[in-house]
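A.B. asks: Sharing work.pdb, PDB, C-alpha atoms and all ligand atoms:
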```
ATOM      1  CA  MET A 167      90.407  60.108  38.348
ATOM      2  CA  ARG A 168      90.102  57.162  36.036
ATOM      3  CA  LEU A 169      87.166  54.881  36.758
ATOM      4  CA  SER A 170      87.400  51.368  35.375
ATOM      5  CA  VAL A 171      85.353  48.231  35.812
ATOM      6  CA  GLU A 172      86.615  44.768  34.937
ATOM      7  CA  ASP A 173      84.451  41.742  34.283
ATOM      8  CA  LEU A 174      81.920  43.180  36.722
ATOM      9  CA  ALA A 175      78.888  41.144  37.808
ATOM     10  CA  PHE A 176      76.141  42.882  39.782
ATOM     11  CA  GLY A 177      72.766  42.092  41.297
ATOM     12  CA  TYR A 178      70.797  41.523  44.475
ATOM     13  CA  GLY A 179      71.475  38.527  46.692
ATOM     14  CA  GLU A 180      71.357  35.432  44.501
ATOM     15  CA  ARG A 181      69.906  37.377  41.578
ATOM     16  CA  VAL A 182      72.565  38.417  39.064
ATOM     17  CA  VAL A 183      71.281  41.330  36.959
ATOM     18  CA  GLY A 184      74.362  41.826  34.775
ATOM     19  CA  ALA A 185      77.749  40.206  34.239
ATOM     20  CA  GLY A 186      80.937  40.459  32.219
ATOM     21  CA  VAL A 187      80.796  44.277  32.120
ATOM     22  CA  GLY A 188      84.047  46.126  31.503
ATOM     23  CA  PHE A 189      84.810  49.722  30.527
ATOM     24  CA  ALA A 190      86.891  52.713  31.562
ATOM     25  CA  VAL A 191      86.186  56.442  31.822
ATOM     26  CA  ALA A 192      89.007  58.972  32.151
ATOM     27  CA  ALA A 193      88.950  62.284  34.000
ATOM     28  CA  GLY A 194      87.346  64.879  31.749
ATOM     29  CA  GLU A 195      85.170  62.319  29.986
ATOM     30  CA  VAL A 196      81.410  61.815  30.076
ATOM     31  CA  LEU A 197      80.074  58.282  29.737
ATOM     32  CA  CYS A 198      76.373  57.854  28.996
ATOM     33  CA  LEU A 199      74.727  54.604  30.054
ATOM     34  CA  LEU A 200      71.767  53.618  27.882
ATOM     35  CA  GLY A 201      69.514  50.583  28.050
ATOM     36  CA  PRO A 202      65.896  49.492  28.415
ATOM     37  CA  ASN A 203      63.842  49.739  31.624
ATOM     38  CA  GLY A 204      64.948  47.155  34.155
ATOM     39  CA  GLY A 205      68.196  46.562  32.248
ATOM     40  CA  GLY A 206      70.365  47.081  35.318
ATOM     41  CA  LYS A 207      71.628  50.677  35.031
ATOM     42  CA  THR A 208      70.775  51.632  38.623
ATOM     43  CA  THR A 209      72.129  48.322  39.917
ATOM     44  CA  LEU A 210      75.397  48.898  38.052
ATOM     45  CA  PHE A 211      75.647  52.431  39.486
ATOM     46  CA  LYS A 212      75.064  51.227  43.038
ATOM     47  CA  THR A 213      77.792  48.642  42.545
ATOM     48  CA  LEU A 214      80.229  51.264  41.207
ATOM     49  CA  LEU A 215      79.527  53.369  44.291
ATOM     50  CA  GLY A 216      79.941  50.484  46.741
ATOM     51  CA  LEU A 217      76.286  50.570  47.861
ATOM     52  CA  LEU A 218      75.997  46.987  46.570
ATOM     53  CA  PRO A 219      78.896  44.504  46.680
ATOM     54  CA  PRO A 220      80.088  43.279  43.253
ATOM     55  CA  ARG A 221      78.938  39.716  42.503
ATOM     56  CA  GLY A 222      82.221  39.312  40.624
ATOM     57  CA  GLY A 223      84.960  41.404  39.045
ATOM     58  CA  ARG A 224      86.354  44.732  40.155
ATOM     59  CA  VAL A 225      85.720  48.473  40.339
ATOM     60  CA  ARG A 226      88.942  50.489  40.205
ATOM     61  CA  VAL A 227      89.723  54.178  40.681
ATOM     62  CA  ASP A 228      93.105  55.202  39.280
ATOM     63  CA  GLY A 229      93.915  51.498  39.097
ATOM     64  CA  GLU A 230      93.169  50.847  42.764
ATOM     65  CA  ASP A 231      90.516  48.271  43.668
ATOM     66  CA  THR A 232      87.812  50.096  45.665
ATOM     67  CA  ALA A 233      86.610  46.911  47.416
ATOM     68  CA  GLY A 234      88.234  47.788  50.750
ATOM     69  CA  TRP A 235      87.458  51.522  50.709
ATOM     70  CA  SER A 236      85.827  53.113  53.749
ATOM     71  CA  PRO A 237      82.485  54.926  53.316
ATOM     72  CA  ARG A 238      84.283  58.244  53.923
ATOM     73  CA  ARG A 239      86.846  57.554  51.229
ATOM     74  CA  ARG A 240      84.053  56.661  48.816
ATOM     75  CA  ALA A 241      82.154  59.834  49.734
ATOM     76  CA  LEU A 242      85.213  61.981  49.024
ATOM     77  CA  ALA A 243      85.714  60.363  45.607
ATOM     78  CA  PHE A 244      82.153  59.701  44.381
ATOM     79  CA  GLY A 245      79.198  62.048  44.073
ATOM     80  CA  TYR A 246      75.842  60.382  43.417
ATOM     81  CA  VAL A 247      72.628  61.861  42.131
ATOM     82  CA  PRO A 248      70.051  59.096  42.611
ATOM     83  CA  GLN A 249      66.834  58.734  40.633
ATOM     84  CA  ALA A 250      64.406  61.357  41.870
ATOM     85  CA  GLY A 251      62.307  60.311  44.836
ATOM     86  CA  ALA A 252      60.461  62.233  47.516
ATOM     87  CA  GLY A 253      62.292  61.029  50.637
ATOM     88  CA  GLN A 254      61.026  62.141  54.022
ATOM     89  CA  PHE A 255      63.772  64.587  54.972
ATOM     90  CA  PRO A 256      62.984  67.338  57.510
ATOM     91  CA  PHE A 257      65.299  69.771  55.715
ATOM     92  CA  THR A 258      65.229  72.986  53.798
ATOM     93  CA  GLY A 259      66.708  73.038  50.299
ATOM     94  CA  ARG A 260      69.894  74.550  51.766
ATOM     95  CA  GLY A 261      70.035  71.839  54.457
ATOM     96  CA  MET A 262      69.815  69.132  51.803
ATOM     97  CA  VAL A 263      72.625  70.675  49.754
ATOM     98  CA  LEU A 264      74.762  71.060  52.911
ATOM     99  CA  MET A 265      74.404  67.294  53.425
ATOM    100  CA  GLY A 266      76.810  66.938  50.494
ATOM    101  CA  ARG A 267      79.565  68.352  52.713
ATOM    102  CA  THR A 268      79.319  65.646  55.383
ATOM    103  CA  ALA A 269      82.353  63.698  54.130
ATOM    104  CA  HIS A 270      84.495  66.839  54.427
ATOM    105  CA  ARG A 271      83.940  67.155  58.180
ATOM    106  CA  GLY A 272      82.997  64.873  61.059
ATOM    107  CA  ALA A 273      79.398  63.620  60.906
ATOM    108  CA  PHE A 274      78.641  65.344  64.236
ATOM    109  CA  SER A 275      80.504  68.618  63.775
ATOM    110  CA  ALA A 276      78.691  71.748  62.620
ATOM    111  CA  PRO A 277      79.247  72.896  59.018
ATOM    112  CA  ALA A 278      82.179  75.321  58.709
ATOM    113  CA  ALA A 279      82.083  78.569  56.742
ATOM    114  CA  SER A 280      83.683  76.716  53.803
ATOM    115  CA  ASP A 281      80.825  74.160  53.841
ATOM    116  CA  HIS A 282      78.217  76.941  53.769
ATOM    117  CA  ALA A 283      80.111  78.672  50.957
ATOM    118  CA  ALA A 284      80.216  75.441  48.886
ATOM    119  CA  ALA A 285      76.474  74.902  49.408
ATOM    120  CA  GLU A 286      75.609  78.499  48.422
ATOM    121  CA  ALA A 287      77.846  78.251  45.338
ATOM    122  CA  ALA A 288      76.124  75.024  44.253
ATOM    123  CA  LEU A 289      72.658  76.552  44.731
ATOM    124  CA  GLU A 290      73.713  79.597  42.684
ATOM    125  CA  ARG A 291      75.363  77.523  39.979
ATOM    126  CA  LEU A 292      72.151  75.618  39.321
ATOM    127  CA  GLY A 293      70.003  78.755  39.597
ATOM    128  CA  ILE A 294      68.019  77.453  42.576
ATOM    129  CA  ALA A 295      69.003  79.903  45.339
ATOM    130  CA  HIS A 296      65.266  80.538  45.765
ATOM    131  CA  LEU A 297      64.875  76.970  47.116
ATOM    132  CA  ALA A 298      67.343  77.539  49.977
ATOM    133  CA  GLU A 299      64.678  78.268  52.609
ATOM    134  CA  ARG A 300      61.968  76.023  51.169
ATOM    135  CA  ASP A 301      60.786  72.899  52.970
ATOM    136  CA  TRP A 302      62.009  69.721  51.195
ATOM    137  CA  LEU A 303      58.581  68.109  51.510
ATOM    138  CA  ARG A 304      56.882  71.079  49.857
ATOM    139  CA  ILE A 305      58.912  71.483  46.694
ATOM    140  CA  SER A 306      58.220  69.808  43.352
ATOM    141  CA  GLY A 307      59.909  66.643  42.034
ATOM    142  CA  GLY A 308      61.922  68.657  39.518
ATOM    143  CA  GLU A 309      63.004  71.150  42.194
ATOM    144  CA  ARG A 310      64.143  68.242  44.381
ATOM    145  CA  GLN A 311      66.080  66.833  41.472
ATOM    146  CA  MET A 312      67.894  70.150  40.972
ATOM    147  CA  ALA A 313      68.672  70.275  44.718
ATOM    148  CA  LEU A 314      70.098  66.713  44.621
ATOM    149  CA  ILE A 315      72.373  67.754  41.763
ATOM    150  CA  ALA A 316      73.436  70.813  43.807
ATOM    151  CA  ARG A 317      74.143  68.491  46.748
ATOM    152  CA  ALA A 318      76.484  66.418  44.566
ATOM    153  CA  LEU A 319      78.253  69.592  43.351
ATOM    154  CA  ALA A 320      78.681  70.876  46.933
ATOM    155  CA  GLN A 321      80.321  67.557  47.759
ATOM    156  CA  ALA A 322      83.124  68.359  45.245
ATOM    157  CA  PRO A 323      83.640  64.728  44.156
ATOM    158  CA  ARG A 324      86.164  63.537  41.547
ATOM    159  CA  VAL A 325      83.769  61.010  39.983
ATOM    160  CA  LEU A 326      80.143  62.035  39.482
ATOM    161  CA  VAL A 327      77.446  59.389  38.917
ATOM    162  CA  LEU A 328      73.999  60.638  37.901
ATOM    163  CA  ASP A 329      71.034  58.273  37.519
ATOM    164  CA  GLU A 330      68.587  59.776  35.004
ATOM    165  CA  PRO A 331      69.376  63.302  36.235
ATOM    166  CA  THR A 332      66.944  65.015  33.862
ATOM    167  CA  ALA A 333      64.012  62.612  34.265
ATOM    168  CA  SER A 334      61.661  65.005  36.050
ATOM    169  CA  LEU A 335      63.001  68.310  34.757
ATOM    170  CA  ASP A 336      61.301  70.792  32.462
ATOM    171  CA  PHE A 337      62.917  71.466  29.096
ATOM    172  CA  GLY A 338      64.965  74.481  30.251
ATOM    173  CA  ASN A 339      66.295  72.728  33.337
ATOM    174  CA  GLN A 340      67.179  69.630  31.275
ATOM    175  CA  VAL A 341      69.380  71.773  29.053
ATOM    176  CA  ARG A 342      70.898  73.643  32.030
ATOM    177  CA  VAL A 343      71.728  70.405  33.849
ATOM    178  CA  LEU A 344      73.302  68.839  30.758
ATOM    179  CA  GLU A 345      75.393  71.993  30.228
ATOM    180  CA  GLN A 346      76.575  71.849  33.835
ATOM    181  CA  VAL A 347      77.427  68.159  33.552
ATOM    182  CA  ARG A 348      79.539  68.758  30.439
ATOM    183  CA  ARG A 349      81.216  71.772  32.080
ATOM    184  CA  LEU A 350      82.096  69.735  35.180
ATOM    185  CA  ALA A 351      83.809  67.145  32.987
ATOM    186  CA  ASP A 352      85.639  69.821  30.984
ATOM    187  CA  GLY A 353      86.908  71.405  34.214
ATOM    188  CA  ALA A 354      87.501  75.120  34.716
ATOM    189  CA  GLY A 355      91.257  75.549  34.707
ATOM    190  CA  GLY A 356      91.818  72.321  36.640
ATOM    191  CA  GLU A 357      91.293  68.639  35.947
ATOM    192  CA  GLY A 358      87.736  67.850  35.003
ATOM    193  CA  LEU A 359      85.520  65.326  36.714
ATOM    194  CA  THR A 360      84.907  61.789  35.556
ATOM    195  CA  VAL A 361      81.190  61.655  34.783
ATOM    196  CA  VAL A 362      78.831  58.723  34.276
ATOM    197  CA  PHE A 363      75.124  59.329  33.717
ATOM    198  CA  SER A 364      72.123  57.341  32.558
ATOM    199  CA  THR A 365      69.237  58.527  30.451
ATOM    200  CA  HIS A 366      66.450  57.251  28.227
ATOM    201  CA  HIS A 367      67.071  60.062  25.726
ATOM    202  CA  PRO A 368      69.735  59.177  23.138
ATOM    203  CA  GLU A 369      69.974  62.849  22.117
ATOM    204  CA  GLN A 370      71.559  63.594  25.463
ATOM    205  CA  ALA A 371      74.380  61.233  24.599
ATOM    206  CA  PHE A 372      74.885  62.940  21.241
ATOM    207  CA  ALA A 373      74.857  66.318  23.008
ATOM    208  CA  ILE A 374      77.350  65.774  25.831
ATOM    209  CA  ALA A 375      78.824  62.244  25.970
ATOM    210  CA  ASP A 376      82.253  61.102  24.796
ATOM    211  CA  ARG A 377      81.296  57.432  25.059
ATOM    212  CA  VAL A 378      78.122  55.389  25.296
ATOM    213  CA  ALA A 379      77.739  52.082  27.116
ATOM    214  CA  LEU A 380      74.642  50.112  26.161
ATOM    215  CA  LEU A 381      73.410  47.680  28.786
ATOM    216  CA  HIS A 382      71.115  45.072  27.285
ATOM    217  CA  GLY A 383      70.192  41.576  28.395
ATOM    218  CA  GLY A 384      72.556  41.760  31.370
ATOM    219  CA  ARG A 385      75.561  42.428  29.115
ATOM    220  CA  LEU A 386      77.495  45.390  27.850
ATOM    221  CA  ALA A 387      76.034  45.087  24.356
ATOM    222  CA  ARG A 388      77.929  48.067  22.859
ATOM    223  CA  PHE A 389      80.582  50.549  23.946
ATOM    224  CA  GLY A 390      81.885  53.391  21.809
ATOM    225  CA  THR A 391      81.251  56.904  20.600
ATOM    226  CA  PRO A 392      77.593  58.024  20.508
ATOM    227  CA  GLU A 393      77.741  58.013  16.701
ATOM    228  CA  ALA A 394      79.036  54.435  16.590
ATOM    229  CA  VAL A 395      76.615  53.047  19.178
ATOM    230  CA  ILE A 396      73.340  54.901  18.545
ATOM    231  CA  THR A 397      72.196  53.743  15.142
ATOM    232  CA  ALA A 398      68.818  52.839  13.626
ATOM    233  CA  PRO A 399      69.589  49.067  13.666
ATOM    234  CA  MET A 400      70.621  49.249  17.346
ATOM    235  CA  MET A 401      67.453  51.146  18.303
ATOM    236  CA  ARG A 402      65.362  48.524  16.455
ATOM    237  CA  GLU A 403      67.195  45.629  18.121
ATOM    238  CA  VAL A 404      67.167  47.019  21.668
ATOM    239  CA  TYR A 405      63.938  49.039  21.833
ATOM    240  CA  GLY A 406      61.894  47.461  19.030
ATOM    241  CA  THR A 407      61.276  50.882  17.471
ATOM    242  CA  GLU A 408      61.948  52.240  14.023
ATOM    243  CA  VAL A 409      63.895  55.482  14.211
ATOM    244  CA  GLU A 410      65.789  57.679  11.844
ATOM    245  CA  VAL A 411      69.048  59.064  13.207
ATOM    246  CA  VAL A 412      69.386  62.469  11.582
ATOM    247  CA  PRO A 413      71.828  65.383  11.883
ATOM    248  CA  VAL A 414      70.272  68.748  12.773
ATOM    249  CA  GLY A 415      71.415  72.345  13.184
ATOM    250  CA  ALA A 416      74.657  74.052  12.286
ATOM    251  CA  ASP A 417      76.876  71.540  14.101
ATOM    252  CA  GLY A 418      75.032  68.506  12.751
ATOM    253  CA  MET A 419      74.229  67.035  16.164
ATOM    254  CA  ARG A 420      72.255  63.847  15.664
ATOM    255  CA  VAL A 421      68.768  63.151  16.990
ATOM    256  CA  CYS A 422      66.572  60.038  16.914
ATOM    257  CA  LEU A 423      63.198  60.527  15.279
ATOM    258  CA  PRO A 424      60.532  57.810  15.521
ATOM    259  CA  VAL A 425      59.611  56.904  11.962
ATOM    260  CA  GLY A 426      55.933  57.091  11.072
ATOM    261  CA  LEU A 427      54.752  57.666  14.690
ATOM    262  CA  ARG A 428      52.173  60.313  13.790
ATOM    263  CA  ARG A 429      50.960  58.276  10.832
ATOM    264  CA  ALA A 430      50.519  55.188  13.024
ATOM    265  CA  VAL A 431      48.641  57.114  15.737
ATOM    266  CA  ARG A 432      46.335  58.778  13.203
ATOM    267  CA  ALA A 433      45.613  55.447  11.564
ATOM    268  CA  GLN A 434      44.598  54.029  14.965
ATOM    269  CA  VAL A 435      42.387  57.013  15.766
ATOM    270  CA  ARG A 436      40.487  56.714  12.510
TER
HETATM  271  N1  LIG A 501      66.167  45.846  45.511
HETATM  272  C1  LIG A 501      66.023  44.963  44.519
HETATM  273  N2  LIG A 501      65.992  43.623  44.768
HETATM  274  C2  LIG A 501      65.871  42.722  43.760
HETATM  275  N3  LIG A 501      65.746  43.053  42.458
HETATM  276  C3  LIG A 501      65.765  44.368  42.154
HETATM  277  C4  LIG A 501      65.893  45.389  43.162
HETATM  278  N4  LIG A 501      65.883  46.600  42.544
HETATM  279  C5  LIG A 501      65.746  46.352  41.232
HETATM  280  N5  LIG A 501      65.673  45.017  40.987
HETATM  281  C6  LIG A 501      65.563  44.356  39.684
HETATM  282  O1  LIG A 501      66.839  44.415  39.043
HETATM  283  C7  LIG A 501      66.676  44.622  37.633
HETATM  284  C8  LIG A 501      67.472  45.835  37.211
HETATM  285  O2  LIG A 501      66.864  46.981  37.803
HETATM  286  P1  LIG A 501      67.524  48.431  37.663
HETATM  287  O3  LIG A 501      66.751  49.344  38.558
HETATM  288  O4  LIG A 501      68.985  48.327  37.860
HETATM  289  O5  LIG A 501      67.223  48.750  36.127
HETATM  290  P2  LIG A 501      67.369  50.143  35.328
HETATM  291  O6  LIG A 501      68.108  49.829  34.068
HETATM  292  O7  LIG A 501      67.955  51.180  36.210
HETATM  293  O8  LIG A 501      65.843  50.435  35.008
HETATM  294  P3  LIG A 501      65.067  51.818  34.672
HETATM  295  O9  LIG A 501      65.553  52.279  33.340
HETATM  296  O10 LIG A 501      63.637  51.360  34.603
HETATM  297  O11 LIG A 501      65.326  52.792  35.788
HETATM  298  C9  LIG A 501      65.176  44.723  37.381
HETATM  299  O12 LIG A 501      64.723  43.480  36.935
HETATM  300  C10 LIG A 501      64.608  45.056  38.738
HETATM  301  O13 LIG A 501      63.297  44.551  38.852
END
```
Show me this structure written as structure tokens.

C.D. replies:
Amino acid sequence: MRLSVEDLAFGYGERVVGAGVGFAVAAGEVLCLLGPNGGGKTTLFKTLLGLLPPRGGRVRVDGEDTAGWSPRRRALAFGYVPQAGAGQFPFTGRGMVLMGRTAHRGAFSAPAASDHAAAEAALERLGIAHLAERDWLRISGGERQMALIARALAQAPRVLVLDEPTASLDFGNQVRVLEQVRRLADGAGGEGLTVVFSTHHPEQAFAIADRVALLHGGRLARFGTPEAVITAPMMREVYGTEVEVVPVGADGMRVCLPVGLRRAVRAQVR
């Protein structure tokens, strides 16, 4: 499915957080949303998903305006991995992942064998089958995050929106989640998903994104390939930090290195 936004304005009540935002993401593509804290990434995501009404403009899926879509239709199209939070759910890990299947059956009907199979497959795929029987309130923040990603996979959406999906994950799980996200977009024999994710780590964009959207000052400040958008002047302008953008490894993937950070810290300590 092709996700496109046109001249979108978003915010809370009277407060407009961002405006004039337009971009498109095709099936099989990964879009990475970058921008400073409080820049409006989560608000934009909630507006894409229909959790907040647009303050102006349009969100389209395959050209169709989603404004009149029912919650069920949205749930069949969009999977959402929210920013990690505890949440007071009286579930096991498996129960939480099964929640992702709700749109595929009536809210009050018991999960079918196919729902259980989708939940088990998602738990296996993310390597968290050991969380199936664990109490949601007694697992770690990173384990919850992995379970929320499994929930979105079990849902089998066409458009997947992930808000800082790696924020509370250890290094290994960060890499595993990013690999899964890229694989979901690439598709396995069929059409891949349309993926939008946010992060505060530019390397993640270099690693898996086709396009980067930079949200800054309530505007879409840049949109393009990671290499075109993530540059030393941009990082200085948006984050006020001096970085070097350098290629590493055999494939020359770029990373952002803070320039002189150790020197500055040592100078302060002395
Ligand atoms: N429920 C709310 N009501 C009113 N304002 C809000 C609400 N939630 C967030 N905001 C404000 O909207 C702005 C955008 O917040 P948002 O959470 O979208 O930013 P973000 O880019 O996702 O930030 P971060 O990178 O820190 O997660 C901020 O100024 C924030 O304080």

A.B. asks: Around ligand LIG 501 (chain A), out to 6 Å and counting all atoms listed in the file, which residues are there? I want them as a PDB file with C-alpha atoms, in the coordinates of the input.

C.D. replies:
```pdb
ATOM      1  CA  TYR A 178      70.797  41.523  44.475  1.00  0.00           C
ATOM      2  CA  VAL A 183      71.281  41.330  36.959  1.00  0.00           C
ATOM      3  CA  PRO A 202      65.896  49.492  28.415  1.00  0.00           C
ATOM      4  CA  ASN A 203      63.842  49.739  31.624  1.00  0.00           C
ATOM      5  CA  GLY A 204      64.948  47.155  34.155  1.00  0.00           C
ATOM      6  CA  GLY A 205      68.196  46.562  32.248  1.00  0.00           C
ATOM      7  CA  GLY A 206      70.365  47.081  35.318  1.00  0.00           C
ATOM      8  CA  LYS A 207      71.628  50.677  35.031  1.00  0.00           C
ATOM      9  CA  THR A 208      70.775  51.632  38.623  1.00  0.00           C
ATOM     10  CA  THR A 209      72.129  48.322  39.917  1.00  0.00           C
TER      11      THR A 209
END
```

A.B. asks: List as number ranges by chain the protein and nucleic acid residues near A:Ala373, meaning an atom at most 10 Å away when only C-alpha atoms are counted, but skip any in the same chain fewer than 2 places from it.

C.D. replies: A: 341, 344-345, 348, 368-371, 375-376, 392, 419-421

A.B. asks: Could you tell me which of A:Gly266, A:Gly245, A:Gly259, A:Gly307 comes closest to A:Ile294 if we count only C-alpha atoms?

C.D. replies: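 Counting only C-alpha atoms, the residue closest to A:Ile294 is A:Gly259.
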
A.B. asks: Suppose a student applies the PyMOL selection byres (((chain A and resi 404) around 12) and not hetatm) to this structure; what residues should they get, written as an NGL selection string?

C.D. replies: :A and (200-203 or 205 or 380-383 or 387-388 or 395-403 or 405-409)

A.B. asks: From the set A:Val196, A:Ala269, A:Leu215, A:Met262, which residue has the shortest atom-to-atom contact distance to A:Asp301, counting all atoms listed in the file?

C.D. replies: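 Among A:Val196, A:Ala269, A:Leu215, A:Met262, it is A:Met262 that comes nearest to A:Asp301.
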
A.B. asks: Between A:Val325, A:Ala279, A:Ala333, A:Leu386, which one has atoms that come closest to A:His366, using only C-alpha atoms?

C.D. replies: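 For A:His366, the nearest of the candidates is A:Ala333.
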
A.B. asks: Can you tell me which residues surround A:Gly216 at a distance of at most 9 Å, considering only C-alpha atoms, apart from same-chain residues fewer than 5 positions away, and format the answer as a PyMOL selection string?

C.D. replies: chain A and resi 211+225+232-233+235+237+240

A.B. asks: Ranking A:Glu195, A:Glu180, A:Asp173, A:Asp417 by minimum distance to A:Val347 and counting all atoms listed in the file, which one comes first?

C.D. replies: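 Looking at the shortest contact to A:Val347, the residue is A:Glu195.
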
A.B. asks: To verify the selection step, state as a list in words which residues the PyMOL selection byres (((chain A and resi 424) around 9) and not hetatm) yields on this input.

C.D. replies: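 Applying the expression gives Thr407, Glu408, Val409, Glu410, Val411, Cys422, Leu423, Val425, Gly426, Leu427 and Arg428 of chain A.
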
A.B. asks: Step by step, work through what the PyMOL selection byres (((chain A and resi 289) around 8) and not hetatm) selects in the shown file, and finish by giving those residues as JSON, numbers by chain.

C.D. replies: {"A": [260, 263, 285, 286, 287, 288, 290, 291, 292, 293, 294, 295, 298, 313, 316]}

A.B. asks: Hey, can I get the axis-aligned box for stretch 375-394 of chain A? All listed atoms, 3 Å padding on each side, centre and edge lengths in Å to one decimal, as lines of an AutoDock Vina configuration file.

C.D. replies:
```
center_x = 76.2
center_y = 51.9
center_z = 24.0
size_x = 18.1
size_y = 26.7
size_z = 20.8
```

A.B. asks: Do you have the atom CA of A:Ser364-atom CA of A:Gly384 distance handy?

C.D. replies: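 Rounded to one decimal, the two atoms are 15.6 Å apart.
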
A.B. asks: Compare A:Ala379, A:Val327, A:Ala243, A:Val227 by their minimum atom-to-atom distance to A:Lys212, counting all atoms listed in the file, and give me the closest one.

C.D. replies: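 Nearest to A:Lys212: A:Val327.
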
A.B. asks: When you look at A:Pro220 with a cut-off of 7 Å (counting only C-alpha atoms), what residues show up, excluding the ones that are within fewer than 6 positions of it in the same chain? I need them as a list in words.

C.D. replies: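 These residues fall inside the cut-off: Leu174, Ala175, Phe176 and Thr213 of chain A.
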
A.B. asks: Quick one: of A:Arg377, A:Thr365, A:Arg221, A:Arg168, who's nearest to A:Arg181, counting all atoms listed in the file?

C.D. replies: A:Arg221

A.B. asks: Between atom CA of A:Pro331 and atom CA of A:His296, what is the spacing in Å?

C.D. replies: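 Answer for the atom CA of A:His296 to atom CA of A:Pro331 separation: 20.1 Å.
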
A.B. asks: For atom CA of A:Leu319 and atom CA of A:Ser236, quote the distance in Å rounded to one decimal.

C.D. replies: 20.9 Å
